[in-house]
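Below you'll find the structure, written out as structure tokens, and then a few comments.
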Amino acid sequence: MSELTISRYPIPDLDSLPEDILSRILAVQEKAKFIPNVFLTLAYRPAEFRAFFAFHDAIMHREESTLSMAEKEMIVVVISSANACQYCVVAHGAMLRVFSKEPLLADQIAVNYLHAPINEKQKAMLTFALKLSRTPELIQQSDYDQLKTYGYDDEDILDITSITGFFGLSNRMAIVTGMQPNREFYTMAREPKS
């Protein structure tokens with residue numbers, strides 16, 4: 001795969017896309033100043049594009065969630081690192097830097113969240129997410145009890161679970177499609193804003 005190839009599957013011409021998908025892609029481009037390759041890659045199958053982003057939005061932008069956007073991105077980075085998903089580690093590492101305003105945190109979490117400068121509550125959240133991702137059959141009541149000692153409730157646990165499950169899917173789609181991270185993600189939010 002060459003450096004310019006962003007997916008092993010065809011990338012549809014923007015003009016050929018259904019209006020709702022094109023509108024979403026152009027809105028993202030306007031805000032980010034580039035089109036993240038996940039949008040172009042998944043546009044190959046419009047129905048799956050719609051389902052993917054509908055679920056993404058439902059879990060990542062759920063208004064009732066008590067998890068911060070930085071904490072949600074922490075989960076994504078830990079799961080994606082465990083699954084060796086380059087696209088998601090790079091892209092969501094960038095988003096974690098944006099939301100946390102900590103230029104080193106994403107790299108620290110991707111390597112070993114237990115050594116990252118986050119609090120014990122966040123480490124408990126990531127420990128649960130990683131166990132759910134790697135060995136879901138071993139999840140038991142003591143795992144829920146542990147989270148509750150840190151103040152997480154059943155709704156929080158469902159949020160952690162939804163993010164973990166969804167990005168398990170996302171990681172696998174990115175790996176199999178050969179999705180490549182945009183160059184912009186590598187440098188995004190590396191320097192703190194003054």
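Residues are named by chain letter and number: chains run A, B, ... in the order of the structure tokens, numbers start at 1 in each chain, and ligands are numbered from 1 in the order shown.
Close contacts of Ala91 of chain A, defined as residues with an atom at most 8 Å away when counting only C-alpha atoms, with chain neighbours fewer than 4 positions off set aside, comprise Tyr87, Met95, Pro181, Asn182, Phe185 and Tyr186 of chain A.
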Can you pull out every residue within 9 Å of segment 164-172 of chain A, counting only C-alpha atoms, but drop anything in the same chain fewer than 6 positions away, and send it as a ChimeraX atom specification? /A:52,55-56,59,75-76,79-80,83-88,129-130,132-133
Could the residues in this selection be written to a file with N, CA and C atoms, as a PDB file, in the first residue's frame?
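Saved the output as part.pdb:
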ATOM      1  N   PHE A  52     -22.681   3.133  11.408  1.00  0.00           N
ATOM      2  CA  PHE A  52     -21.456   3.345  12.181  1.00  0.00           C
ATOM      3  C   PHE A  52     -21.489   4.698  12.877  1.00  0.00           C
ATOM      4  N   PHE A  55     -24.243   5.138  15.639  1.00  0.00           N
ATOM      5  CA  PHE A  55     -23.884   4.550  16.933  1.00  0.00           C
ATOM      6  C   PHE A  55     -22.747   5.343  17.575  1.00  0.00           C
ATOM      7  N   HIS A  56     -21.763   5.748  16.783  1.00  0.00           N
ATOM      8  CA  HIS A  56     -20.668   6.579  17.301  1.00  0.00           C
ATOM      9  C   HIS A  56     -21.231   7.807  18.008  1.00  0.00           C
ATOM     10  N   ILE A  59     -23.099   7.129  21.376  1.00  0.00           N
ATOM     11  CA  ILE A  59     -22.302   6.835  22.581  1.00  0.00           C
ATOM     12  C   ILE A  59     -21.302   7.932  22.928  1.00  0.00           C
ATOM     13  N   ILE A  75     -10.559   5.806  26.855  1.00  0.00           N
ATOM     14  CA  ILE A  75     -11.013   4.440  26.600  1.00  0.00           C
ATOM     15  C   ILE A  75     -10.660   4.033  25.175  1.00  0.00           C
ATOM     16  N   VAL A  76     -10.950   4.901  24.224  1.00  0.00           N
ATOM     17  CA  VAL A  76     -10.682   4.584  22.815  1.00  0.00           C
ATOM     18  C   VAL A  76      -9.200   4.325  22.595  1.00  0.00           C
ATOM     19  N   ILE A  79      -8.119   0.885  24.280  1.00  0.00           N
ATOM     20  CA  ILE A  79      -8.649  -0.256  23.531  1.00  0.00           C
ATOM     21  C   ILE A  79      -7.937  -0.378  22.185  1.00  0.00           C
ATOM     22  N   SER A  80      -7.758   0.736  21.504  1.00  0.00           N
ATOM     23  CA  SER A  80      -7.128   0.727  20.188  1.00  0.00           C
ATOM     24  C   SER A  80      -5.663   0.317  20.269  1.00  0.00           C
ATOM     25  N   ASN A  83      -5.557  -3.384  20.725  1.00  0.00           N
ATOM     26  CA  ASN A  83      -5.889  -4.053  19.466  1.00  0.00           C
ATOM     27  C   ASN A  83      -4.904  -3.726  18.344  1.00  0.00           C
ATOM     28  N   ALA A  84      -3.875  -2.956  18.661  1.00  0.00           N
ATOM     29  CA  ALA A  84      -2.852  -2.558  17.681  1.00  0.00           C
ATOM     30  C   ALA A  84      -3.462  -1.906  16.446  1.00  0.00           C
ATOM     31  N   CYS A  85      -4.421  -1.014  16.683  1.00  0.00           N
ATOM     32  CA  CYS A  85      -5.073  -0.299  15.595  1.00  0.00           C
ATOM     33  C   CYS A  85      -4.409   1.061  15.427  1.00  0.00           C
ATOM     34  N   GLN A  86      -3.535   1.145  14.454  1.00  0.00           N
ATOM     35  CA  GLN A  86      -2.781   2.375  14.227  1.00  0.00           C
ATOM     36  C   GLN A  86      -3.692   3.573  13.968  1.00  0.00           C
ATOM     37  N   TYR A  87      -4.683   3.398  13.090  1.00  0.00           N
ATOM     38  CA  TYR A  87      -5.551   4.529  12.776  1.00  0.00           C
ATOM     39  C   TYR A  87      -6.187   5.105  14.038  1.00  0.00           C
ATOM     40  N   CYS A  88      -6.798   4.253  14.841  1.00  0.00           N
ATOM     41  CA  CYS A  88      -7.543   4.751  16.004  1.00  0.00           C
ATOM     42  C   CYS A  88      -6.623   5.290  17.100  1.00  0.00           C
ATOM     43  N   ALA A 129     -12.341  -1.476  30.992  1.00  0.00           N
ATOM     44  CA  ALA A 129     -12.487  -1.445  29.532  1.00  0.00           C
ATOM     45  C   ALA A 129     -11.524  -2.425  28.866  1.00  0.00           C
ATOM     46  N   LEU A 130     -10.297  -2.463  29.345  1.00  0.00           N
ATOM     47  CA  LEU A 130      -9.309  -3.365  28.752  1.00  0.00           C
ATOM     48  C   LEU A 130      -9.678  -4.831  28.998  1.00  0.00           C
ATOM     49  N   LEU A 132     -12.708  -5.974  29.490  1.00  0.00           N
ATOM     50  CA  LEU A 132     -13.887  -6.234  28.660  1.00  0.00           C
ATOM     51  C   LEU A 132     -13.484  -6.453  27.206  1.00  0.00           C
ATOM     52  N   SER A 133     -12.495  -5.731  26.745  1.00  0.00           N
ATOM     53  CA  SER A 133     -12.030  -5.868  25.373  1.00  0.00           C
ATOM     54  C   SER A 133     -11.268  -7.165  25.143  1.00  0.00           C
TER      55      SER A 133
END
Skip Arg62 of chain A itself and residues of its chain fewer than 6 positions away, then list as a PyMOL selection string all residues within 12 Å of it, counting only C-alpha atoms. chain A and resi 54-56+68-69+72+155-156+158-160+162-163
Please identify all polymer residues within 9 Å of Glu191 of chain A, counting only C-alpha atoms, omitting same-chain residues fewer than 6 positions from it, and present them as an NGL selection string. :A and (101-103)
